[in-house]
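This is coords.pdb. It holds PDB, N, CA and C atoms.
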```pdb
ATOM      1  N   MET A   1      -8.610  14.527  15.629
ATOM      2  CA  MET A   1      -8.100  13.680  14.560
ATOM      3  C   MET A   1      -6.805  14.298  14.016
ATOM      4  N   LEU A   2      -5.900  13.461  13.592
ATOM      5  CA  LEU A   2      -4.628  13.914  13.039
ATOM      6  C   LEU A   2      -4.832  14.531  11.660
ATOM      7  N   ASP A   3      -3.922  15.418  11.270
ATOM      8  CA  ASP A   3      -3.986  15.987   9.925
ATOM      9  C   ASP A   3      -3.237  15.090   8.938
ATOM     10  N   ARG A   4      -3.433  15.352   7.673
ATOM     11  CA  ARG A   4      -2.883  14.485   6.625
ATOM     12  C   ARG A   4      -1.359  14.417   6.658
ATOM     13  N   GLU A   5      -0.695  15.531   6.982
ATOM     14  CA  GLU A   5       0.768  15.541   7.027
ATOM     15  C   GLU A   5       1.292  14.666   8.161
ATOM     16  N   THR A   6       0.617  14.708   9.301
ATOM     17  CA  THR A   6       1.024  13.868  10.435
ATOM     18  C   THR A   6       0.805  12.394  10.115
ATOM     19  N   ILE A   7      -0.333  12.085   9.521
ATOM     20  CA  ILE A   7      -0.616  10.700   9.137
ATOM     21  C   ILE A   7       0.426  10.222   8.130
ATOM     22  N   ALA A   8       0.715  11.037   7.128
ATOM     23  CA  ALA A   8       1.715  10.669   6.118
ATOM     24  C   ALA A   8       3.078  10.455   6.774
ATOM     25  N   GLY A   9       3.441  11.322   7.705
ATOM     26  CA  GLY A   9       4.706  11.159   8.420
ATOM     27  C   GLY A   9       4.742   9.868   9.222
ATOM     28  N   ASN A  10       3.625   9.532   9.867
ATOM     29  CA  ASN A  10       3.535   8.280  10.617
ATOM     30  C   ASN A  10       3.674   7.069   9.691
ATOM     31  N   ILE A  11       3.101   7.168   8.511
ATOM     32  CA  ILE A  11       3.189   6.086   7.531
ATOM     33  C   ILE A  11       4.642   5.871   7.112
ATOM     34  N   VAL A  12       5.323   6.948   6.769
ATOM     35  CA  VAL A  12       6.726   6.853   6.338
ATOM     36  C   VAL A  12       7.593   6.320   7.474
ATOM     37  N   LYS A  13       7.395   6.830   8.684
ATOM     38  CA  LYS A  13       8.190   6.391   9.836
ATOM     39  C   LYS A  13       7.953   4.915  10.134
ATOM     40  N   PHE A  14       6.700   4.464  10.086
ATOM     41  CA  PHE A  14       6.386   3.057  10.327
ATOM     42  C   PHE A  14       7.106   2.172   9.311
ATOM     43  N   ALA A  15       7.071   2.569   8.049
ATOM     44  CA  ALA A  15       7.751   1.792   7.003
ATOM     45  C   ALA A  15       9.252   1.736   7.277
ATOM     46  N   GLN A  16       9.850   2.874   7.579
ATOM     47  CA  GLN A  16      11.290   2.919   7.845
ATOM     48  C   GLN A  16      11.652   2.097   9.078
ATOM     49  N   ASP A  17      10.907   2.272  10.156
ATOM     50  CA  ASP A  17      11.204   1.580  11.418
ATOM     51  C   ASP A  17      11.075   0.068  11.306
ATOM     52  N   ASN A  18      10.251  -0.403  10.382
ATOM     53  CA  ASN A  18       9.989  -1.842  10.249
ATOM     54  C   ASN A  18      10.575  -2.438   8.975
ATOM     55  N   ASN A  19      11.470  -1.691   8.323
ATOM     56  CA  ASN A  19      12.139  -2.154   7.108
ATOM     57  C   ASN A  19      11.130  -2.606   6.047
ATOM     58  N   LEU A  20      10.102  -1.776   5.864
ATOM     59  CA  LEU A  20       9.059  -2.062   4.891
ATOM     60  C   LEU A  20       9.125  -1.060   3.751
ATOM     61  N   LYS A  21       8.372  -1.331   2.732
ATOM     62  CA  LYS A  21       8.230  -0.435   1.589
ATOM     63  C   LYS A  21       6.797   0.085   1.564
ATOM     64  N   ILE A  22       6.641   1.270   1.023
ATOM     65  CA  ILE A  22       5.307   1.774   0.718
ATOM     66  C   ILE A  22       5.014   1.353  -0.716
ATOM     67  N   HIS A  23       3.853   0.795  -0.924
ATOM     68  CA  HIS A  23       3.495   0.279  -2.257
ATOM     69  C   HIS A  23       3.813   1.322  -3.318
ATOM     70  N   PRO A  24       4.443   0.918  -4.418
ATOM     71  CA  PRO A  24       4.832   1.870  -5.467
ATOM     72  C   PRO A  24       3.672   2.680  -6.042
ATOM     73  N   GLY A  25       2.474   2.175  -5.963
ATOM     74  CA  GLY A  25       1.314   2.874  -6.505
ATOM     75  C   GLY A  25       0.616   3.786  -5.506
ATOM     76  N   GLN A  26       1.184   3.944  -4.323
ATOM     77  CA  GLN A  26       0.537   4.735  -3.274
ATOM     78  C   GLN A  26       1.407   5.920  -2.863
ATOM     79  N   GLU A  27       0.756   6.954  -2.356
ATOM     80  CA  GLU A  27       1.452   8.142  -1.869
ATOM     81  C   GLU A  27       0.974   8.424  -0.449
ATOM     82  N   PRO A  28       1.899   8.597   0.501
ATOM     83  CA  PRO A  28       1.511   8.812   1.896
ATOM     84  C   PRO A  28       0.535   9.975   2.111
ATOM     85  N   LEU A  29       0.699  11.093   1.426
ATOM     86  CA  LEU A  29      -0.233  12.213   1.631
ATOM     87  C   LEU A  29      -1.644  11.874   1.154
ATOM     88  N   LYS A  30      -1.754  11.223   0.021
ATOM     89  CA  LYS A  30      -3.081  10.809  -0.455
ATOM     90  C   LYS A  30      -3.686   9.781   0.488
ATOM     91  N   TRP A  31      -2.827   8.922   1.039
ATOM     92  CA  TRP A  31      -3.319   7.936   1.989
ATOM     93  C   TRP A  31      -3.815   8.637   3.249
ATOM     94  N   GLY A  32      -3.094   9.689   3.671
ATOM     95  CA  GLY A  32      -3.540  10.477   4.824
ATOM     96  C   GLY A  32      -4.926  11.052   4.593
ATOM     97  N   ASP A  33      -5.183  11.549   3.399
ATOM     98  CA  ASP A  33      -6.516  12.061   3.068
ATOM     99  C   ASP A  33      -7.577  10.960   3.181
ATOM    100  N   LEU A  34      -7.240   9.767   2.703
ATOM    101  CA  LEU A  34      -8.170   8.649   2.750
ATOM    102  C   LEU A  34      -8.483   8.266   4.204
ATOM    103  N   VAL A  35      -7.466   8.227   5.042
ATOM    104  CA  VAL A  35      -7.666   7.903   6.457
ATOM    105  C   VAL A  35      -8.619   8.917   7.092
ATOM    106  N   ILE A  36      -8.423  10.187   6.784
ATOM    107  CA  ILE A  36      -9.288  11.232   7.339
ATOM    108  C   ILE A  36     -10.726  11.063   6.843
ATOM    109  N   ARG A  37     -10.889  10.816   5.529
ATOM    110  CA  ARG A  37     -12.240  10.624   4.972
ATOM    111  C   ARG A  37     -12.946   9.429   5.598
ATOM    112  N   LYS A  38     -12.174   8.424   5.999
ATOM    113  CA  LYS A  38     -12.748   7.212   6.590
ATOM    114  C   LYS A  38     -12.894   7.317   8.107
ATOM    115  N   GLY A  39     -12.680   8.501   8.659
ATOM    116  CA  GLY A  39     -12.919   8.710  10.084
ATOM    117  C   GLY A  39     -11.739   8.466  10.997
ATOM    118  N   GLY A  40     -10.554   8.285  10.439
ATOM    119  CA  GLY A  40      -9.352   8.148  11.248
ATOM    120  C   GLY A  40      -8.905   6.727  11.503
ATOM    121  N   GLY A  41      -9.728   5.752  11.210
ATOM    122  CA  GLY A  41      -9.342   4.357  11.393
ATOM    123  C   GLY A  41      -8.689   3.802  10.147
ATOM    124  N   CYS A  42      -8.514   2.497  10.126
ATOM    125  CA  CYS A  42      -7.973   1.828   8.943
ATOM    126  C   CYS A  42      -8.950   2.056   7.793
ATOM    127  N   PRO A  43      -8.486   2.593   6.673
ATOM    128  CA  PRO A  43      -9.417   2.892   5.586
ATOM    129  C   PRO A  43      -9.947   1.665   4.848
ATOM    130  N   CYS A  44      -9.319   0.517   5.047
ATOM    131  CA  CYS A  44      -9.712  -0.666   4.281
ATOM    132  C   CYS A  44     -10.451  -1.718   5.094
ATOM    133  N   VAL A  45     -10.187  -1.744   6.386
ATOM    134  CA  VAL A  45     -10.830  -2.726   7.267
ATOM    135  C   VAL A  45     -11.527  -1.940   8.367
ATOM    136  N   PRO A  46     -12.818  -1.621   8.191
ATOM    137  CA  PRO A  46     -13.530  -0.747   9.119
ATOM    138  C   PRO A  46     -13.472  -1.176  10.581
ATOM    139  N   SER A  47     -13.354  -2.454  10.841
ATOM    140  CA  SER A  47     -13.311  -2.921  12.230
ATOM    141  C   SER A  47     -11.998  -2.565  12.925
ATOM    142  N   ARG A  48     -11.001  -2.160  12.159
ATOM    143  CA  ARG A  48      -9.715  -1.764  12.727
ATOM    144  C   ARG A  48      -9.750  -0.257  12.974
ATOM    145  N   LYS A  49     -10.073   0.110  14.178
ATOM    146  CA  LYS A  49     -10.335   1.512  14.518
ATOM    147  C   LYS A  49      -9.104   2.289  14.967
ATOM    148  N   ASP A  50      -7.942   1.654  15.014
ATOM    149  CA  ASP A  50      -6.769   2.275  15.623
ATOM    150  C   ASP A  50      -5.916   3.110  14.666
ATOM    151  N   GLY A  51      -6.428   3.502  13.540
ATOM    152  CA  GLY A  51      -5.702   4.384  12.631
ATOM    153  C   GLY A  51      -4.821   3.638  11.655
ATOM    154  N   CYS A  52      -3.999   4.386  10.977
ATOM    155  CA  CYS A  52      -3.082   3.841   9.981
ATOM    156  C   CYS A  52      -1.676   4.326  10.314
ATOM    157  N   PRO A  53      -0.740   3.432  10.476
ATOM    158  CA  PRO A  53      -0.855   1.983  10.348
ATOM    159  C   PRO A  53      -1.597   1.374  11.529
ATOM    160  N   CYS A  54      -2.406   0.378  11.232
ATOM    161  CA  CYS A  54      -3.166  -0.284  12.290
ATOM    162  C   CYS A  54      -2.272  -1.285  13.018
ATOM    163  N   ASN A  55      -2.762  -1.771  14.136
ATOM    164  CA  ASN A  55      -1.981  -2.707  14.950
ATOM    165  C   ASN A  55      -1.805  -4.074  14.300
ATOM    166  N   PHE A  56      -2.507  -4.331  13.214
ATOM    167  CA  PHE A  56      -2.452  -5.631  12.553
ATOM    168  C   PHE A  56      -1.537  -5.639  11.327
ATOM    169  N   ALA A  57      -1.001  -4.495  10.960
ATOM    170  CA  ALA A  57      -0.228  -4.389   9.715
ATOM    171  C   ALA A  57       0.943  -5.363   9.670
ATOM    172  N   LEU A  58       1.707  -5.459  10.735
ATOM    173  CA  LEU A  58       2.872  -6.355  10.723
ATOM    174  C   LEU A  58       2.460  -7.818  10.620
ATOM    175  N   GLU A  59       1.372  -8.192  11.283
ATOM    176  CA  GLU A  59       0.855  -9.562  11.157
ATOM    177  C   GLU A  59       0.426  -9.843   9.718
ATOM    178  N   ASP A  60      -0.273  -8.886   9.122
ATOM    179  CA  ASP A  60      -0.714  -9.040   7.730
ATOM    180  C   ASP A  60       0.477  -9.234   6.800
ATOM    181  N   ILE A  61       1.527  -8.448   7.009
ATOM    182  CA  ILE A  61       2.699  -8.503   6.135
ATOM    183  C   ILE A  61       3.406  -9.850   6.266
ATOM    184  N   LYS A  62       3.479 -10.390   7.479
ATOM    185  CA  LYS A  62       4.072 -11.723   7.660
ATOM    186  C   LYS A  62       3.282 -12.769   6.888
ATOM    187  N   GLU A  63       1.964 -12.619   6.866
ATOM    188  CA  GLU A  63       1.092 -13.589   6.209
ATOM    189  C   GLU A  63       1.011 -13.390   4.696
ATOM    190  N   LEU A  64       0.879 -12.135   4.257
ATOM    191  CA  LEU A  64       0.571 -11.845   2.851
ATOM    192  C   LEU A  64       1.691 -11.166   2.067
ATOM    193  N   GLY A  65       2.692 -10.627   2.780
ATOM    194  CA  GLY A  65       3.720  -9.827   2.115
ATOM    195  C   GLY A  65       3.311  -8.365   2.006
ATOM    196  N   ARG A  66       2.100  -8.056   2.460
ATOM    197  CA  ARG A  66       1.569  -6.696   2.431
ATOM    198  C   ARG A  66       0.508  -6.586   3.519
ATOM    199  N   CYS A  67       0.182  -5.362   3.916
ATOM    200  CA  CYS A  67      -0.937  -5.194   4.841
ATOM    201  C   CYS A  67      -2.235  -5.380   4.053
ATOM    202  N   ARG A  68      -3.343  -5.504   4.738
ATOM    203  CA  ARG A  68      -4.628  -5.755   4.060
ATOM    204  C   ARG A  68      -4.954  -4.668   3.033
ATOM    205  N   CYS A  69      -4.565  -3.441   3.335
ATOM    206  CA  CYS A  69      -4.826  -2.326   2.413
ATOM    207  C   CYS A  69      -3.878  -2.330   1.214
ATOM    208  N   GLY A  70      -2.725  -2.962   1.375
ATOM    209  CA  GLY A  70      -1.731  -2.945   0.311
ATOM    210  C   GLY A  70      -0.828  -1.732   0.362
ATOM    211  N   LEU A  71      -0.909  -0.936   1.407
ATOM    212  CA  LEU A  71      -0.054   0.250   1.523
ATOM    213  C   LEU A  71       1.362  -0.133   1.888
ATOM    214  N   PHE A  72       1.517  -0.969   2.891
ATOM    215  CA  PHE A  72       2.838  -1.408   3.345
ATOM    216  C   PHE A  72       3.134  -2.786   2.778
ATOM    217  N   CYS A  73       4.362  -2.980   2.286
ATOM    218  CA  CYS A  73       4.750  -4.253   1.688
ATOM    219  C   CYS A  73       6.179  -4.590   2.101
ATOM    220  N   ASN A  74       6.505  -5.864   1.989
ATOM    221  CA  ASN A  74       7.902  -6.231   2.156
ATOM    222  C   ASN A  74       8.595  -6.148   0.795
ATOM    223  N   ALA A  75       9.898  -6.258   0.791
ATOM    224  CA  ALA A  75      10.676  -6.099  -0.445
ATOM    225  C   ALA A  75      10.311  -7.161  -1.484
ATOM    226  N   ALA A  76      10.046  -8.393  -1.032
ATOM    227  CA  ALA A  76       9.694  -9.462  -1.974
ATOM    228  C   ALA A  76       8.385  -9.155  -2.697
ATOM    229  N   TYR A  77       7.416  -8.594  -1.983
ATOM    230  CA  TYR A  77       6.140  -8.237  -2.607
ATOM    231  C   TYR A  77       6.334  -7.141  -3.651
ATOM    232  N   VAL A  78       7.130  -6.133  -3.312
ATOM    233  CA  VAL A  78       7.373  -5.035  -4.258
ATOM    234  C   VAL A  78       8.078  -5.559  -5.506
ATOM    235  N   LYS A  79       9.034  -6.478  -5.329
ATOM    236  CA  LYS A  79       9.726  -7.047  -6.487
ATOM    237  C   LYS A  79       8.738  -7.785  -7.377
ATOM    238  N   LEU A  80       7.890  -8.612  -6.790
ATOM    239  CA  LEU A  80       6.886  -9.334  -7.567
ATOM    240  C   LEU A  80       5.962  -8.361  -8.291
ATOM    241  N   TYR A  81       5.510  -7.332  -7.596
ATOM    242  CA  TYR A  81       4.646  -6.315  -8.192
ATOM    243  C   TYR A  81       5.332  -5.661  -9.399
ATOM    244  N   ASN A  82       6.577  -5.246  -9.218
ATOM    245  CA  ASN A  82       7.311  -4.585 -10.303
ATOM    246  C   ASN A  82       7.545  -5.523 -11.480
ATOM    247  N   ASP A  83       7.856  -6.800 -11.194
ATOM    248  CA  ASP A  83       8.057  -7.778 -12.267
ATOM    249  C   ASP A  83       6.770  -7.992 -13.063
ATOM    250  N   LEU A  84       5.650  -8.137 -12.362
ATOM    251  CA  LEU A  84       4.373  -8.332 -13.052
ATOM    252  C   LEU A  84       3.984  -7.102 -13.863
ATOM    253  N   ASN A  85       4.235  -5.935 -13.316
ATOM    254  CA  ASN A  85       3.945  -4.690 -14.041
ATOM    255  C   ASN A  85       4.768  -4.603 -15.320
ATOM    256  N   ALA A  86       6.042  -4.954 -15.231
ATOM    257  CA  ALA A  86       6.910  -4.909 -16.408
ATOM    258  C   ALA A  86       6.425  -5.886 -17.475
ATOM    259  N   LYS A  87       6.026  -7.079 -17.064
ATOM    260  CA  LYS A  87       5.519  -8.069 -18.020
ATOM    261  C   LYS A  87       4.229  -7.588 -18.676
ATOM    262  N   ARG A  88       3.365  -6.958 -17.879
ATOM    263  CA  ARG A  88       2.106  -6.461 -18.434
ATOM    264  C   ARG A  88       2.375  -5.359 -19.462
ATOM    265  N   LYS A  89       3.288  -4.456 -19.152
ATOM    266  CA  LYS A  89       3.624  -3.385 -20.098
ATOM    267  C   LYS A  89       4.250  -3.964 -21.355
ATOM    268  N   GLU A  90       5.119  -4.940 -21.194
ATOM    269  CA  GLU A  90       5.764  -5.586 -22.341
ATOM    270  C   GLU A  90       4.718  -6.266 -23.218
ATOM    271  N   LYS A  91       3.751  -6.912 -22.593
ATOM    272  CA  LYS A  91       2.704  -7.602 -23.340
ATOM    273  C   LYS A  91       1.866  -6.609 -24.135
ATOM    274  N   LYS A  92       1.562  -5.460 -23.547
ATOM    275  CA  LYS A  92       0.780  -4.444 -24.259
ATOM    276  C   LYS A  92       1.499  -3.984 -25.518
ATOM    277  N   TRP A  93       2.804  -3.857 -25.432
ATOM    278  CA  TRP A  93       3.560  -3.358 -26.586
ATOM    279  C   TRP A  93       3.776  -4.425 -27.642
ATOM    280  N   THR A  94       3.708  -5.696 -27.243
ATOM    281  CA  THR A  94       3.962  -6.749 -28.227
ATOM    282  C   THR A  94       2.678  -7.330 -28.804
ATOM    283  N   GLN A  95       1.531  -6.993 -28.242
ATOM    284  CA  GLN A  95       0.256  -7.483 -28.754
ATOM    285  C   GLN A  95      -0.058  -6.827 -30.087
ATOM    286  N   LYS A  96      -0.643  -7.568 -30.985
ATOM    287  CA  LYS A  96      -1.086  -7.001 -32.255
ATOM    288  C   LYS A  96      -2.383  -6.246 -32.032
ATOM    289  N   PRO A  97      -2.602  -5.196 -32.789
ATOM    290  CA  PRO A  97      -3.871  -4.444 -32.640
ATOM    291  C   PRO A  97      -5.057  -5.378 -32.814
ATOM    292  N   GLY A  98      -6.035  -5.223 -31.939
ATOM    293  CA  GLY A  98      -7.235  -6.027 -31.997
ATOM    294  C   GLY A  98      -7.112  -7.373 -31.314
ATOM    295  N   ALA A  99      -5.911  -7.704 -30.822
ATOM    296  CA  ALA A  99      -5.741  -8.999 -30.130
ATOM    297  C   ALA A  99      -6.440  -8.941 -28.778
ATOM    298  N   ASN A 100      -6.949 -10.076 -28.351
ATOM    299  CA  ASN A 100      -7.583 -10.153 -27.042
ATOM    300  C   ASN A 100      -6.524 -10.175 -25.952
ATOM    301  N   PHE A 101      -6.822  -9.498 -24.867
ATOM    302  CA  PHE A 101      -5.881  -9.479 -23.735
ATOM    303  C   PHE A 101      -6.304 -10.447 -22.694
TER     304      PHE A 101
END
```
Same coordinates, now as structure tokens:
Amino acid sequence: MLDRETIAGNIVKFAQDNNLKIHPGQEPLKWGDLVIRKGGGCPCVPSRKDGCPCNFALEDIKELGRCRCGLFCNAAYVKLYNDLNAKRKEKKWTQKPGANF
């Protein structure tokens, strides 16, 4: 089985080679640890045994804007994610104490 640094390097290279982004909330080294804990296959879809990135990641991104795990995303998905995050943070600061969220 590959070590976490190799897996993380493969993740970064796959993103670069395919003009993708790594989800802002994820870190390649932590993802490498997760892949190892899950036995070396896709950590989110157990039937995908070919590691991370799995052979289905690009198909998933075409369909969803992200892979099934949410690790790899296209630029439009990251923009939407960042916009929603900013709105959520803004809402937290403008809500009155005790208001329902």
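Note that the spacing between atom CA of A:Ile7 and atom CA of A:His23 amounts to 16.0 Å.
Between A:Ala57 and the candidates A:Asn82, A:Thr6, A:Asn74, A:Gln26, the tightest atom-to-atom separation, counting only C-alpha atoms, involves A:Asn74.
The space separating atom CA of A:Phe56 from atom CA of A:Cys69 comes to 10.9 Å.
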Box for stretch 31-42 of chain A - axis-aligned, 4 Å on each of the six sides, all listed atoms - centre and size in Å to one decimal, as JSON.
```
{"center_x": -7.9, "center_y": 6.9, "center_z": 6.3, "size_x": 18.1, "size_y": 18.2, "size_z": 18.5}
```
Filtered DSSP result for stretch 27-81 of chain A, state alpha helix (DSSP H), as an MDAnalysis selection string: chainID A and resid 28:37 57:64 75:81
Mind checking which residues fall within 9 Å of A:Pro53, counting only C-alpha atoms, ignoring those fewer than 3 positions away in the same chain, and posting them as an MDAnalysis selection string? chainID A and resid 7 10:11 14 41:42 50 56:57 72
Counting only C-alpha atoms, what is within 12 Å of A:Cys52, bar same-chain residues fewer than 4 positions away, as a VMD selection string? chain A and resid 1 to 2 4 6 to 15 28 31 to 36 38 to 46 48 56 to 58 67 to 72
Export N, CA and C atoms of the chosen residues as an mmCIF file, keeping the file's coordinate frame?
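The resulting file, out-v6.cif, is shown below:
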```cif
data_model
loop_
_atom_site.group_PDB
_atom_site.id
_atom_site.type_symbol
_atom_site.label_atom_id
_atom_site.label_comp_id
_atom_site.auth_asym_id
_atom_site.auth_seq_id
_atom_site.Cartn_x
_atom_site.Cartn_y
_atom_site.Cartn_z
ATOM 1 N N MET A 1 -8.610 14.527 15.629
ATOM 2 C CA MET A 1 -8.100 13.680 14.560
ATOM 3 C C MET A 1 -6.805 14.298 14.016
ATOM 4 N N LEU A 2 -5.900 13.461 13.592
ATOM 5 C CA LEU A 2 -4.628 13.914 13.039
ATOM 6 C C LEU A 2 -4.832 14.531 11.660
ATOM 7 N N ARG A 4 -3.433 15.352 7.673
ATOM 8 C CA ARG A 4 -2.883 14.485 6.625
ATOM 9 C C ARG A 4 -1.359 14.417 6.658
ATOM 10 N N THR A 6 0.617 14.708 9.301
ATOM 11 C CA THR A 6 1.024 13.868 10.435
ATOM 12 C C THR A 6 0.805 12.394 10.115
ATOM 13 N N ILE A 7 -0.333 12.085 9.521
ATOM 14 C CA ILE A 7 -0.616 10.700 9.137
ATOM 15 C C ILE A 7 0.426 10.222 8.130
ATOM 16 N N ALA A 8 0.715 11.037 7.128
ATOM 17 C CA ALA A 8 1.715 10.669 6.118
ATOM 18 C C ALA A 8 3.078 10.455 6.774
ATOM 19 N N GLY A 9 3.441 11.322 7.705
ATOM 20 C CA GLY A 9 4.706 11.159 8.420
ATOM 21 C C GLY A 9 4.742 9.868 9.222
ATOM 22 N N ASN A 10 3.625 9.532 9.867
ATOM 23 C CA ASN A 10 3.535 8.280 10.617
ATOM 24 C C ASN A 10 3.674 7.069 9.691
ATOM 25 N N ILE A 11 3.101 7.168 8.511
ATOM 26 C CA ILE A 11 3.189 6.086 7.531
ATOM 27 C C ILE A 11 4.642 5.871 7.112
ATOM 28 N N VAL A 12 5.323 6.948 6.769
ATOM 29 C CA VAL A 12 6.726 6.853 6.338
ATOM 30 C C VAL A 12 7.593 6.320 7.474
ATOM 31 N N LYS A 13 7.395 6.830 8.684
ATOM 32 C CA LYS A 13 8.190 6.391 9.836
ATOM 33 C C LYS A 13 7.953 4.915 10.134
ATOM 34 N N PHE A 14 6.700 4.464 10.086
ATOM 35 C CA PHE A 14 6.386 3.057 10.327
ATOM 36 C C PHE A 14 7.106 2.172 9.311
ATOM 37 N N ALA A 15 7.071 2.569 8.049
ATOM 38 C CA ALA A 15 7.751 1.792 7.003
ATOM 39 C C ALA A 15 9.252 1.736 7.277
ATOM 40 N N PRO A 28 1.899 8.597 0.501
ATOM 41 C CA PRO A 28 1.511 8.812 1.896
ATOM 42 C C PRO A 28 0.535 9.975 2.111
ATOM 43 N N TRP A 31 -2.827 8.922 1.039
ATOM 44 C CA TRP A 31 -3.319 7.936 1.989
ATOM 45 C C TRP A 31 -3.815 8.637 3.249
ATOM 46 N N GLY A 32 -3.094 9.689 3.671
ATOM 47 C CA GLY A 32 -3.540 10.477 4.824
ATOM 48 C C GLY A 32 -4.926 11.052 4.593
ATOM 49 N N ASP A 33 -5.183 11.549 3.399
ATOM 50 C CA ASP A 33 -6.516 12.061 3.068
ATOM 51 C C ASP A 33 -7.577 10.960 3.181
ATOM 52 N N LEU A 34 -7.240 9.767 2.703
ATOM 53 C CA LEU A 34 -8.170 8.649 2.750
ATOM 54 C C LEU A 34 -8.483 8.266 4.204
ATOM 55 N N VAL A 35 -7.466 8.227 5.042
ATOM 56 C CA VAL A 35 -7.666 7.903 6.457
ATOM 57 C C VAL A 35 -8.619 8.917 7.092
ATOM 58 N N ILE A 36 -8.423 10.187 6.784
ATOM 59 C CA ILE A 36 -9.288 11.232 7.339
ATOM 60 C C ILE A 36 -10.726 11.063 6.843
ATOM 61 N N LYS A 38 -12.174 8.424 5.999
ATOM 62 C CA LYS A 38 -12.748 7.212 6.590
ATOM 63 C C LYS A 38 -12.894 7.317 8.107
ATOM 64 N N GLY A 39 -12.680 8.501 8.659
ATOM 65 C CA GLY A 39 -12.919 8.710 10.084
ATOM 66 C C GLY A 39 -11.739 8.466 10.997
ATOM 67 N N GLY A 40 -10.554 8.285 10.439
ATOM 68 C CA GLY A 40 -9.352 8.148 11.248
ATOM 69 C C GLY A 40 -8.905 6.727 11.503
ATOM 70 N N GLY A 41 -9.728 5.752 11.210
ATOM 71 C CA GLY A 41 -9.342 4.357 11.393
ATOM 72 C C GLY A 41 -8.689 3.802 10.147
ATOM 73 N N CYS A 42 -8.514 2.497 10.126
ATOM 74 C CA CYS A 42 -7.973 1.828 8.943
ATOM 75 C C CYS A 42 -8.950 2.056 7.793
ATOM 76 N N PRO A 43 -8.486 2.593 6.673
ATOM 77 C CA PRO A 43 -9.417 2.892 5.586
ATOM 78 C C PRO A 43 -9.947 1.665 4.848
ATOM 79 N N CYS A 44 -9.319 0.517 5.047
ATOM 80 C CA CYS A 44 -9.712 -0.666 4.281
ATOM 81 C C CYS A 44 -10.451 -1.718 5.094
ATOM 82 N N VAL A 45 -10.187 -1.744 6.386
ATOM 83 C CA VAL A 45 -10.830 -2.726 7.267
ATOM 84 C C VAL A 45 -11.527 -1.940 8.367
ATOM 85 N N PRO A 46 -12.818 -1.621 8.191
ATOM 86 C CA PRO A 46 -13.530 -0.747 9.119
ATOM 87 C C PRO A 46 -13.472 -1.176 10.581
ATOM 88 N N ARG A 48 -11.001 -2.160 12.159
ATOM 89 C CA ARG A 48 -9.715 -1.764 12.727
ATOM 90 C C ARG A 48 -9.750 -0.257 12.974
ATOM 91 N N PHE A 56 -2.507 -4.331 13.214
ATOM 92 C CA PHE A 56 -2.452 -5.631 12.553
ATOM 93 C C PHE A 56 -1.537 -5.639 11.327
ATOM 94 N N ALA A 57 -1.001 -4.495 10.960
ATOM 95 C CA ALA A 57 -0.228 -4.389 9.715
ATOM 96 C C ALA A 57 0.943 -5.363 9.670
ATOM 97 N N LEU A 58 1.707 -5.459 10.735
ATOM 98 C CA LEU A 58 2.872 -6.355 10.723
ATOM 99 C C LEU A 58 2.460 -7.818 10.620
ATOM 100 N N CYS A 67 0.182 -5.362 3.916
ATOM 101 C CA CYS A 67 -0.937 -5.194 4.841
ATOM 102 C C CYS A 67 -2.235 -5.380 4.053
ATOM 103 N N ARG A 68 -3.343 -5.504 4.738
ATOM 104 C CA ARG A 68 -4.628 -5.755 4.060
ATOM 105 C C ARG A 68 -4.954 -4.668 3.033
ATOM 106 N N CYS A 69 -4.565 -3.441 3.335
ATOM 107 C CA CYS A 69 -4.826 -2.326 2.413
ATOM 108 C C CYS A 69 -3.878 -2.330 1.214
ATOM 109 N N GLY A 70 -2.725 -2.962 1.375
ATOM 110 C CA GLY A 70 -1.731 -2.945 0.311
ATOM 111 C C GLY A 70 -0.828 -1.732 0.362
ATOM 112 N N LEU A 71 -0.909 -0.936 1.407
ATOM 113 C CA LEU A 71 -0.054 0.250 1.523
ATOM 114 C C LEU A 71 1.362 -0.133 1.888
ATOM 115 N N PHE A 72 1.517 -0.969 2.891
ATOM 116 C CA PHE A 72 2.838 -1.408 3.345
ATOM 117 C C PHE A 72 3.134 -2.786 2.778
#
```
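Our summary of the geometry notes that atom CA of A:Tyr77 is positioned 12.7 Å from atom CA of A:Gly25.
Among A:Leu20, A:Cys54, A:Glu59, A:Asp3, the residue with the shortest atom-to-atom distance to A:Cys73, counting only N, CA and C atoms, is A:Leu20.
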Determine which residues of chain A DSSP labels as strand (DSSP E or B) from the backbone of this structure, then write them out as a list in words. Lys21, Ile22, Arg66, Phe72 and Cys73 of chain A
Export, as a PDB file, keeping the file's coordinate frame, the selected residues with N, CA and C atoms.
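Contents of again_33.pdb, as written:
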```
ATOM      1  N   LYS A  21       8.372  -1.331   2.732  1.00  0.00           N
ATOM      2  CA  LYS A  21       8.230  -0.435   1.589  1.00  0.00           C
ATOM      3  C   LYS A  21       6.797   0.085   1.564  1.00  0.00           C
ATOM      4  N   ILE A  22       6.641   1.270   1.023  1.00  0.00           N
ATOM      5  CA  ILE A  22       5.307   1.774   0.718  1.00  0.00           C
ATOM      6  C   ILE A  22       5.014   1.353  -0.716  1.00  0.00           C
ATOM      7  N   ARG A  66       2.100  -8.056   2.460  1.00  0.00           N
ATOM      8  CA  ARG A  66       1.569  -6.696   2.431  1.00  0.00           C
ATOM      9  C   ARG A  66       0.508  -6.586   3.519  1.00  0.00           C
ATOM     10  N   PHE A  72       1.517  -0.969   2.891  1.00  0.00           N
ATOM     11  CA  PHE A  72       2.838  -1.408   3.345  1.00  0.00           C
ATOM     12  C   PHE A  72       3.134  -2.786   2.778  1.00  0.00           C
ATOM     13  N   CYS A  73       4.362  -2.980   2.286  1.00  0.00           N
ATOM     14  CA  CYS A  73       4.750  -4.253   1.688  1.00  0.00           C
ATOM     15  C   CYS A  73       6.179  -4.590   2.101  1.00  0.00           C
TER      16      CYS A  73
END
```
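Closest approach to A:Gly65 among A:Arg88, A:Lys21, A:Gly51, A:Leu29 is made by A:Lys21 (distances from only C-alpha atoms).
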